[in-house]
file upload_39.txt (compact mmCIF, C-alpha atoms)
# COMPACT_ATOMS: atom_id res chain seq x y z
CA MET L 1 26.90 -31.70 -207.97
CA THR L 2 23.56 -32.19 -206.23
CA ASP L 3 21.09 -29.42 -205.51
CA SER L 4 21.66 -29.78 -201.76
CA VAL L 5 25.42 -29.25 -202.17
CA ILE L 6 24.82 -26.19 -204.36
CA LEU L 7 22.41 -24.77 -201.79
CA ARG L 8 24.89 -25.41 -198.99
CA ILE L 9 27.69 -23.65 -200.88
CA ALA L 10 25.38 -20.73 -201.69
CA ALA L 11 24.35 -20.47 -198.03
CA PHE L 12 28.00 -20.39 -196.86
CA PHE L 13 28.81 -17.78 -199.51
CA LEU L 14 25.89 -15.54 -198.53
CA PHE L 15 26.82 -15.92 -194.87
CA ASP L 16 30.40 -14.80 -195.59
CA VAL L 17 29.22 -11.85 -197.68
CA GLY L 18 26.88 -10.81 -194.86
CA ARG L 19 29.67 -11.15 -192.31
CA LEU L 20 31.95 -8.99 -194.46
CA ALA L 21 29.20 -6.40 -194.87
CA VAL L 22 28.88 -6.14 -191.08
CA TRP L 23 32.65 -5.77 -190.74
CA LEU L 24 32.59 -3.07 -193.43
CA VAL L 25 29.99 -1.09 -191.51
CA LEU L 26 32.13 -1.31 -188.35
CA LEU L 27 35.25 -0.22 -190.22
CA VAL L 28 33.41 2.72 -191.77
CA ALA L 29 32.13 3.71 -188.33
CA ILE L 30 35.70 3.70 -186.97
CA PHE L 31 37.82 5.12 -189.77
CA VAL L 32 35.61 7.59 -191.63
CA PRO L 33 35.11 9.84 -188.55
CA MET L 34 38.78 9.43 -187.65
CA GLU L 35 39.86 10.56 -191.10
CA ARG L 36 37.39 13.47 -191.01
CA LEU L 37 38.65 14.73 -187.64
CA CYS L 38 42.38 14.05 -188.08
CA ALA L 39 42.91 14.17 -191.85
CA LEU L 40 46.51 14.37 -193.05
CA HIS L 41 45.45 15.37 -196.57
CA PRO L 42 42.10 16.88 -197.57
CA ALA L 43 40.08 14.10 -199.21
CA LYS L 44 36.55 13.21 -200.15
CA ILE L 45 34.85 10.14 -198.71
CA TRP L 46 33.67 9.14 -202.18
CA ARG L 47 37.05 9.58 -203.73
CA LYS L 48 38.32 8.25 -207.04
CA GLN L 49 38.26 4.42 -207.36
CA ILE L 50 36.49 3.85 -204.04
CA GLY L 51 34.14 1.46 -205.84
CA VAL L 52 37.11 -0.57 -207.09
CA ASP L 53 38.61 -0.74 -203.61
CA LEU L 54 35.28 -1.88 -202.18
CA GLY L 55 35.27 -4.63 -204.79
CA TRP L 56 38.75 -5.67 -203.70
CA TYR L 57 37.56 -5.67 -200.07
CA PHE L 58 35.06 -8.44 -200.76
CA ILE L 59 37.24 -10.37 -203.22
CA ASN L 60 40.29 -10.39 -200.95
CA SER L 61 38.24 -11.38 -197.95
CA LEU L 62 36.68 -14.39 -199.69
CA ILE L 63 38.98 -15.90 -202.32
CA PRO L 64 42.42 -15.90 -200.60
CA ALA L 65 41.03 -17.53 -197.45
CA ILE L 66 39.87 -20.48 -199.55
CA VAL L 67 43.14 -20.74 -201.49
CA PHE L 68 45.69 -20.58 -198.68
CA ALA L 69 43.63 -22.83 -196.41
CA TYR L 70 44.73 -25.90 -198.39
CA PRO L 71 48.54 -25.51 -198.15
CA ILE L 72 48.26 -24.54 -194.48
CA ALA L 73 46.07 -27.58 -193.83
CA PHE L 74 48.63 -29.75 -195.66
CA ILE L 75 51.49 -28.41 -193.53
CA SER L 76 49.42 -28.92 -190.39
CA HIS L 77 48.58 -32.48 -191.37
CA LEU L 78 52.23 -33.37 -192.00
CA LEU L 79 53.33 -31.91 -188.69
CA HIS L 80 50.57 -33.75 -186.88
CA MET L 81 51.68 -37.02 -188.47
CA VAL L 82 55.34 -36.50 -187.53
CA ASP L 83 54.98 -34.62 -184.21
CA PRO L 84 58.31 -35.77 -182.70
CA GLY L 85 57.88 -36.47 -179.01
CA GLY L 86 54.55 -34.69 -179.02
CA PHE L 87 56.30 -31.33 -179.49
CA TYR L 88 53.66 -29.79 -181.78
CA SER L 89 50.78 -31.04 -179.69
CA TYR L 90 52.39 -29.55 -176.58
CA MET L 91 53.14 -26.18 -178.18
CA SER L 92 49.66 -25.77 -179.63
CA SER L 93 48.08 -26.74 -176.31
CA LEU L 94 49.67 -23.79 -174.49
CA PRO L 95 47.18 -21.12 -173.38
CA VAL L 96 46.22 -18.50 -175.94
CA TRP L 97 47.73 -15.69 -173.83
CA VAL L 98 51.10 -17.47 -173.82
CA ARG L 99 51.16 -17.98 -177.59
CA LEU L 100 49.66 -14.66 -178.63
CA LEU L 101 52.76 -12.44 -178.66
CA PRO L 102 55.10 -15.06 -180.23
CA ILE L 103 52.51 -15.68 -182.94
CA LEU L 104 52.14 -11.96 -183.57
CA VAL L 105 55.91 -11.43 -183.86
CA LEU L 106 56.51 -14.51 -186.01
CA THR L 107 53.61 -13.68 -188.31
CA ASP L 108 55.01 -10.19 -188.89
CA PHE L 109 58.50 -11.65 -189.35
CA GLY L 110 57.29 -14.08 -192.02
CA ALA L 111 55.15 -11.42 -193.70
CA TYR L 112 58.16 -9.06 -193.70
CA TRP L 113 60.12 -11.45 -195.92
CA GLY L 114 57.11 -12.15 -198.11
CA HIS L 115 56.53 -8.41 -198.49
CA ARG L 116 60.19 -7.80 -199.25
CA ALA L 117 60.14 -10.52 -201.90
CA LEU L 118 57.18 -8.82 -203.59
CA HIS L 119 59.37 -5.74 -203.99
CA SER L 120 62.53 -7.62 -204.96
CA PHE L 121 61.44 -9.80 -207.90
CA GLY L 122 60.07 -8.22 -211.05
CA TRP L 123 57.28 -10.69 -211.70
CA MET L 124 56.12 -10.42 -208.08
CA TRP L 125 56.25 -6.62 -208.18
CA ARG L 126 53.79 -6.70 -211.09
CA PHE L 127 51.21 -8.12 -208.68
CA HIS L 128 52.18 -5.93 -205.71
CA SER L 129 52.23 -2.75 -207.81
CA ILE L 130 48.42 -2.85 -207.85
CA HIS L 131 48.49 -2.09 -204.14
CA HIS L 132 51.07 0.67 -204.59
CA SER L 133 49.16 2.32 -207.43
CA ALA L 134 46.99 4.30 -204.99
CA GLU L 135 47.82 8.01 -205.25
CA GLN L 136 45.73 8.87 -202.18
CA MET L 137 46.14 7.09 -198.87
CA ASP L 138 43.19 6.13 -196.70
CA TRP L 139 42.03 3.12 -194.71
CA LEU L 140 40.33 1.43 -197.67
CA VAL L 141 43.56 1.39 -199.73
CA ASN L 142 44.51 -1.52 -197.51
CA THR L 143 42.12 -3.70 -199.52
CA ARG L 144 43.48 -2.74 -202.95
CA ALA L 145 45.66 -5.73 -203.73
CA HIS L 146 45.78 -8.60 -206.19
CA PRO L 147 44.61 -11.92 -204.68
CA PHE L 148 48.03 -13.43 -205.45
CA ASP L 149 49.56 -10.70 -203.32
CA ILE L 150 47.26 -11.48 -200.38
CA VAL L 151 47.66 -15.26 -200.60
CA PHE L 152 51.45 -15.08 -200.84
CA MET L 153 51.87 -12.75 -197.87
CA ARG L 154 49.46 -14.67 -195.68
CA LEU L 155 51.27 -17.91 -196.46
CA THR L 156 54.64 -16.41 -195.57
CA GLY L 157 53.14 -15.01 -192.37
CA LEU L 158 51.36 -18.17 -191.22
CA THR L 159 53.90 -20.84 -192.24
CA PRO L 160 56.42 -20.07 -189.43
CA ILE L 161 53.62 -20.35 -186.87
CA TYR L 162 52.73 -23.87 -187.91
CA LEU L 163 56.34 -24.95 -188.47
CA LEU L 164 57.13 -24.01 -184.87
CA GLY L 165 53.99 -25.67 -183.52
CA LEU L 166 52.47 -22.50 -182.10
CA ALA L 167 49.10 -23.19 -183.73
CA GLU L 168 46.73 -26.13 -183.50
CA THR L 169 47.53 -28.74 -186.14
CA SER L 170 44.96 -31.42 -185.48
CA LYS L 171 41.63 -29.63 -185.88
CA ARG L 172 39.88 -28.20 -188.91
CA ASN L 173 38.92 -24.93 -187.23
CA MET L 174 41.38 -22.06 -187.06
CA ASP L 175 43.37 -21.93 -183.87
CA PRO L 176 41.86 -19.21 -181.60
CA ALA L 177 45.26 -17.56 -181.09
CA VAL L 178 45.81 -17.38 -184.85
CA ALA L 179 42.27 -16.07 -185.35
CA LEU L 180 42.85 -13.32 -182.77
CA VAL L 181 46.21 -12.35 -184.31
CA THR L 182 44.58 -12.24 -187.75
CA VAL L 183 41.96 -9.79 -186.49
CA ILE L 184 44.61 -7.63 -184.78
CA ILE L 185 46.82 -7.48 -187.88
CA THR L 186 43.88 -6.82 -190.20
CA ILE L 187 42.59 -3.87 -188.15
CA TRP L 188 46.11 -2.49 -187.73
CA ASN L 189 46.69 -2.67 -191.48
CA PHE L 190 43.60 -0.52 -192.02
CA PHE L 191 44.97 1.92 -189.45
CA ILE L 192 48.47 2.31 -190.91
CA HIS L 193 46.99 3.00 -194.36
CA SER L 194 44.58 5.60 -193.01
CA ASN L 195 44.66 9.29 -193.88
CA VAL L 196 45.39 10.55 -190.38
CA ARG L 197 48.01 13.05 -189.25
CA PHE L 198 48.58 12.01 -185.65
CA ARG L 199 51.68 10.19 -184.47
CA LEU L 200 52.26 7.59 -181.76
CA GLY L 201 55.17 9.38 -180.07
CA PRO L 202 57.70 7.09 -178.33
CA PHE L 203 55.53 4.07 -179.12
CA GLU L 204 56.55 4.36 -182.78
CA LYS L 205 59.81 2.65 -181.87
CA LEU L 206 57.79 -0.37 -180.75
CA ILE L 207 54.87 -0.50 -183.15
CA SER L 208 54.22 0.69 -186.69
CA SER L 209 52.28 3.88 -187.31
CA PRO L 210 50.67 5.54 -190.35
CA VAL L 211 53.77 7.66 -191.03
CA PHE L 212 55.92 4.51 -190.99
CA HIS L 213 53.75 2.80 -193.60
CA HIS L 214 52.99 5.94 -195.61
CA TRP L 215 56.69 6.14 -196.42
CA HIS L 216 56.43 2.60 -197.76
CA HIS L 217 53.82 3.93 -200.22
CA CYS L 218 55.82 6.97 -201.36
CA ASN L 219 56.65 7.25 -205.05
CA ASP L 220 60.44 7.03 -204.80
CA ARG L 221 63.16 4.65 -203.67
CA HIS L 222 61.94 4.72 -200.07
CA ARG L 223 59.00 2.47 -200.96
CA ASN L 224 61.60 -0.31 -200.75
CA SER L 225 61.70 0.14 -196.99
CA ASN L 226 59.40 -0.31 -193.97
CA PHE L 227 58.19 -3.78 -194.94
CA ALA L 228 56.95 -4.82 -191.49
CA PHE L 229 53.28 -4.30 -190.69
CA ILE L 230 53.37 -4.32 -186.89
CA PHE L 231 56.92 -4.23 -185.51
CA PRO L 232 59.39 -1.66 -186.96
CA PHE L 233 62.29 -3.34 -185.14
CA ILE L 234 62.22 -6.05 -187.83
CA ASP L 235 63.09 -3.43 -190.46
CA ARG L 236 65.73 -1.94 -188.20
CA ILE L 237 67.37 -5.34 -187.71
CA PHE L 238 67.60 -5.96 -191.47
CA GLY L 239 68.47 -2.41 -192.48
CA THR L 240 65.25 -1.50 -194.29
CA ALA L 241 63.78 1.05 -191.87
CA TRP L 242 63.19 4.61 -193.04
CA THR L 243 61.74 7.04 -190.53
CA PRO L 244 62.75 10.64 -191.37
CA GLY L 245 60.24 12.22 -188.98
CA ARG L 246 58.09 13.81 -191.70
CA TRP L 247 55.41 12.66 -194.11
CA PRO L 248 56.09 11.78 -197.77
CA ASP L 249 55.22 14.31 -200.46
CA GLY L 250 53.28 11.91 -202.66
CA TYR L 251 52.20 8.32 -203.25
CA GLY L 252 51.73 5.88 -206.09
CA ILE L 253 53.89 4.53 -208.90
CA ASP L 254 55.00 5.87 -212.29
CA LYS L 255 53.23 3.25 -214.39
CA GLU L 256 49.56 3.79 -215.21
CA ILE L 257 47.42 1.02 -213.76
CA PRO L 258 43.97 0.17 -215.23
CA PRO L 259 41.21 1.97 -213.32
CA THR L 260 38.81 -0.99 -213.35
CA LEU L 261 38.64 -4.02 -211.08
CA SER L 262 38.94 -6.47 -213.97
CA GLY L 263 41.79 -4.47 -215.49
CA GLN L 264 43.76 -4.49 -212.23
CA PHE L 265 43.16 -8.22 -211.82
CA LEU L 266 44.43 -8.99 -215.34
CA GLU L 267 47.29 -6.46 -215.49
CA PRO L 268 49.91 -8.64 -213.71
CA ILE L 269 48.82 -11.78 -215.55
CA LEU L 270 48.91 -10.47 -219.12
CA PRO L 271 52.27 -10.35 -220.97
CA ALA L 272 54.31 -7.28 -220.04
CA THR L 273 54.47 -4.57 -222.70
CA ASP L 274 57.38 -2.67 -221.09
CA ASP L 275 60.18 -3.08 -218.57
CA PHE L 276 58.02 -2.35 -215.56
CA THR L 277 58.91 -5.74 -214.04
CA LYS L 278 62.47 -4.50 -213.57
CA LYS L 279 62.74 -2.55 -210.31

call {"tool": "encode", "arguments": {"input": "upload_39.txt", "output": "structure tokens"}}
result
Amino acid sequence: MTDSVILRIAAFFLFDVGRLAVWLVLLVAIFVPMERLCALHPAKIWRKQIGVDLGWYFINSLIPAIVFAYPIAFISHLLHMVDPGGFYSYMSSLPVWVRLLPILVLTDFGAYWGHRALHSFGWMWRFHSIHHSAEQMDWLVNTRAHPFDIVFMRLTGLTPIYLLGLAETSKRNMDPAVALVTVIITIWNFFIHSNVRFRLGPFEKLISSPVFHHWHHCNDRHRNSNFAFIFPFIDRIFGTAWTPGRWPDGYGIDKEIPPTLSGQFLEPILPATDDFTKK
């Protein structure tokens, strides 16, 4: 590898880290005051394991994007080669405002099944349990997840979009509609994890809210419900919705998870020492 290539890679890496730092500042400016003014549970800003979650923020914003880009690019390339009757080219050429809602719904639909699979299979739950290990809920808990977890759910969310031709399949850059949906879902995921007490009233039937997702993080059987991230009607259709109208009493899981970033990364990979993989 030549020095110029190394310098180029380093420049791209530093640019991404800088971009993520700017996003982090914006997220802090939005959610920290919100959680101070509308806190559901009393909590400190510098709470336990915040450093670990900040580490996951940068890791899960850099590594998964590189990993899942290749299979998505492969799917896109195949579809572009086949493209029966120009169907995929036509679909992806539709205006962004026409494709936006279908992409949002289909992404949440695909992610729903990916999320449900992470709860249904023991070896997958080992990875996903890192995310559920948080005993306090706030906006930054959204970032606490194993990279496998992030890659798998993004693949299940994006694959239907490309299979149905709703995203551009002939260019290297991300389709603008997909990019916009990604930003919307990312910000909403921070919101539904946040430590806020307010509800969305009648809109909760249409769109997920913190109470909807907080029940998914409860430490009992109800964590196997509310798998959708945006649209609760997906859970209602498949019988996995749980909305009792109150907040859960506690969060987390029974198994003790390593408190360090490296320990949480290695925990699902190392041989199991108990029956925790059986849900």

call {"tool": "atom_distance", "arguments": {"input": "upload_39.txt", "atom1": "atom CA of Gly114 of chain L", "atom2": "atom CA of Leu26 of chain L"}}
result
28.9 Å

call {"tool": "residues_near_point", "arguments": {"input": "upload_39.txt", "point": "(43.8, 15.6, -188.0)", "cutoff": "9 Å", "atoms": "only C-alpha atoms", "output": "PyMOL selection string"}}
result
chain L and resi 34-41+195-198

call {"tool": "closest_residue", "arguments": {"input": "upload_39.txt", "among": "L:Leu261, L:Val67, L:Phe212, L:Ala145", "to": "Leu200 of chain L", "atoms": "all atoms listed in the file"}}
result
L:Phe212

call {"tool": "atom_distance", "arguments": {"input": "upload_39.txt", "atom1": "atom CA of Met153 of chain L", "atom2": "atom CA of Ala111 of chain L"}}
result
5.5 Å

call {"tool": "closest_atom_pairs", "arguments": {"input": "upload_39.txt", "of": "segment 45-122 of chain L", "to": "segment 222-238 of chain L", "cutoff": "12 Å", "atoms": "all atoms listed in the file", "output": "JSON lines"}}
result
{"residue": "L:Leu101", "atom": "CA", "partner": "L:Phe231", "partner_atom": "CA", "distance": 11.5}
{"residue": "L:Leu104", "atom": "CA", "partner": "L:Ile230", "partner_atom": "CA", "distance": 8.4}
{"residue": "L:Val105", "atom": "CA", "partner": "L:Phe231", "partner_atom": "CA", "distance": 7.5}
{"residue": "L:Leu106", "atom": "CA", "partner": "L:Phe231", "partner_atom": "CA", "distance": 10.3}
{"residue": "L:Thr107", "atom": "CA", "partner": "L:Ile230", "partner_atom": "CA", "distance": 9.5}
{"residue": "L:Asp108", "atom": "CA", "partner": "L:Ala228", "partner_atom": "CA", "distance": 6.3}
{"residue": "L:Phe109", "atom": "CA", "partner": "L:Ile234", "partner_atom": "CA", "distance": 6.9}
{"residue": "L:Gly110", "atom": "CA", "partner": "L:Ala228", "partner_atom": "CA", "distance": 9.3}
{"residue": "L:Ala111", "atom": "CA", "partner": "L:Ala228", "partner_atom": "CA", "distance": 7.2}
{"residue": "L:Tyr112", "atom": "CA", "partner": "L:Ala228", "partner_atom": "CA", "distance": 4.9}
{"residue": "L:Trp113", "atom": "CA", "partner": "L:Phe227", "partner_atom": "CA", "distance": 8.0}
{"residue": "L:Gly114", "atom": "CA", "partner": "L:Phe227", "partner_atom": "CA", "distance": 9.0}
{"residue": "L:His115", "atom": "CA", "partner": "L:Phe227", "partner_atom": "CA", "distance": 6.1}
{"residue": "L:Arg116", "atom": "CA", "partner": "L:Phe227", "partner_atom": "CA", "distance": 6.2}
{"residue": "L:Ala117", "atom": "CA", "partner": "L:Phe227", "partner_atom": "CA", "distance": 9.9}
{"residue": "L:Leu118", "atom": "CA", "partner": "L:Asn224", "partner_atom": "CA", "distance": 10.0}
{"residue": "L:His119", "atom": "CA", "partner": "L:Asn224", "partner_atom": "CA", "distance": 6.7}
{"residue": "L:Ser120", "atom": "CA", "partner": "L:Asn224", "partner_atom": "CA", "distance": 8.5}
{"residue": "L:Phe121", "atom": "CA", "partner": "L:Asn224", "partner_atom": "CA", "distance": 11.9}

call {"tool": "atom_distance", "arguments": {"input": "upload_39.txt", "atom1": "atom CA of Thr240 of chain L", "atom2": "atom CA of His213 of chain L"}}
result
12.3 Å

call {"tool": "closest_atom_pairs", "arguments": {"input": "upload_39.txt", "of": "segment 99-168 of chain L", "to": "segment 178-188 of chain L", "cutoff": "12 Å", "atoms": "all atoms listed in the file", "output": "JSON lines"}}
result
{"residue": "L:Arg99", "atom": "CA", "partner": "L:Val178", "partner_atom": "CA", "distance": 9.0}
{"residue": "L:Leu100", "atom": "CA", "partner": "L:Val181", "partner_atom": "CA", "distance": 7.0}
{"residue": "L:Leu101", "atom": "CA", "partner": "L:Val181", "partner_atom": "CA", "distance": 8.7}
{"residue": "L:Pro102", "atom": "CA", "partner": "L:Val181", "partner_atom": "CA", "distance": 10.2}
{"residue": "L:Ile103", "atom": "CA", "partner": "L:Val178", "partner_atom": "CA", "distance": 7.2}
{"residue": "L:Leu104", "atom": "CA", "partner": "L:Val181", "partner_atom": "CA", "distance": 6.0}
{"residue": "L:Val105", "atom": "CA", "partner": "L:Val181", "partner_atom": "CA", "distance": 9.8}
{"residue": "L:Leu106", "atom": "CA", "partner": "L:Val181", "partner_atom": "CA", "distance": 10.7}
{"residue": "L:Thr107", "atom": "CA", "partner": "L:Val181", "partner_atom": "CA", "distance": 8.5}
{"residue": "L:Asp108", "atom": "CA", "partner": "L:Ile185", "partner_atom": "CA", "distance": 8.7}
{"residue": "L:Ala111", "atom": "CA", "partner": "L:Ile185", "partner_atom": "CA", "distance": 10.9}
{"residue": "L:Trp139", "atom": "CA", "partner": "L:Ile187", "partner_atom": "CA", "distance": 9.6}
{"residue": "L:Leu140", "atom": "CA", "partner": "L:Ile187", "partner_atom": "CA", "distance": 11.1}
{"residue": "L:Asn142", "atom": "CA", "partner": "L:Thr186", "partner_atom": "CA", "distance": 9.1}
{"residue": "L:Thr143", "atom": "CA", "partner": "L:Thr186", "partner_atom": "CA", "distance": 10.0}
{"residue": "L:Ile150", "atom": "CA", "partner": "L:Thr186", "partner_atom": "CA", "distance": 11.7}
{"residue": "L:Arg154", "atom": "CA", "partner": "L:Thr182", "partner_atom": "CA", "distance": 9.6}
{"residue": "L:Gly157", "atom": "CA", "partner": "L:Thr182", "partner_atom": "CA", "distance": 10.1}
{"residue": "L:Leu158", "atom": "CA", "partner": "L:Val178", "partner_atom": "CA", "distance": 8.5}
{"residue": "L:Thr159", "atom": "CA", "partner": "L:Val178", "partner_atom": "CA", "distance": 11.5}
{"residue": "L:Pro160", "atom": "CA", "partner": "L:Val178", "partner_atom": "CA", "distance": 11.9}
{"residue": "L:Ile161", "atom": "CA", "partner": "L:Val178", "partner_atom": "CA", "distance": 8.6}
{"residue": "L:Tyr162", "atom": "CA", "partner": "L:Val178", "partner_atom": "CA", "distance": 10.0}
{"residue": "L:Gly165", "atom": "CA", "partner": "L:Val178", "partner_atom": "CA", "distance": 11.7}
{"residue": "L:Leu166", "atom": "CA", "partner": "L:Val178", "partner_atom": "CA", "distance": 8.8}
{"residue": "L:Ala167", "atom": "CA", "partner": "L:Val178", "partner_atom": "CA", "distance": 6.8}
{"residue": "L:Glu168", "atom": "CA", "partner": "L:Val178", "partner_atom": "CA", "distance": 8.9}

call {"tool": "residues_around", "arguments": {"input": "upload_39.txt", "residues": "segment 269-271 of chain L", "least_positions_apart": "4", "cutoff": "9 Å", "atoms": "all atoms listed in the file", "output": "ChimeraX atom specification"}}
result
/L:126-127,265

call {"tool": "closest_residue", "arguments": {"input": "upload_39.txt", "among": "L:Asp53, L:Asp149, L:Asp138, L:Asp16", "to": "Pro210 of chain L", "atoms": "all atoms listed in the file"}}
result
L:Asp138

call {"tool": "closest_residue", "arguments": {"input": "upload_39.txt", "among": "L:His193, L:Lys48, L:His146, L:Arg246", "to": "Ser209 of chain L", "atoms": "only C-alpha atoms"}}
result
L:His193

call {"tool": "axis_aligned_box", "arguments": {"input": "upload_39.txt", "around": "segment 253-256 of chain L", "padding_each_side": "5 Å", "output": "JSON"}}
result
{"center_x": 52.3, "center_y": 4.6, "center_z": -212.1, "size_x": 15.4, "size_y": 12.6, "size_z": 16.3}

call {"tool": "closest_residue", "arguments": {"input": "upload_39.txt", "among": "L:Val17, L:Val141, L:Val32, L:Leu266", "to": "Leu54 of chain L", "atoms": "all atoms listed in the file"}}
result
L:Val141

call {"tool": "decode", "arguments": {"input": "upload_39.txt", "residues": "segment 28-44 of chain L", "atoms": "C-alpha atoms", "output": "compact mmCIF listing (two decimals), in the first residue's frame"}}
result
# COMPACT_ATOMS: atom_id res chain seq x y z
CA VAL L 28 -26.33 16.64 22.79
CA ALA L 29 -27.82 20.08 22.14
CA ILE L 30 -31.21 18.49 21.36
CA PHE L 31 -31.54 15.63 23.82
CA VAL L 32 -29.69 16.70 26.96
CA PRO L 33 -31.95 19.76 27.56
CA MET L 34 -35.00 17.67 26.63
CA GLU L 35 -34.10 15.02 29.17
CA ARG L 36 -33.37 17.68 31.81
CA LEU L 37 -36.74 19.39 31.32
CA CYS L 38 -38.93 16.32 30.77
CA ALA L 39 -37.09 13.52 32.60
CA LEU L 40 -39.02 10.31 33.17
CA HIS L 41 -36.49 9.05 35.73
CA PRO L 42 -34.00 11.18 37.66
CA ALA L 43 -30.60 10.65 36.04
CA LYS L 44 -27.18 12.22 35.82
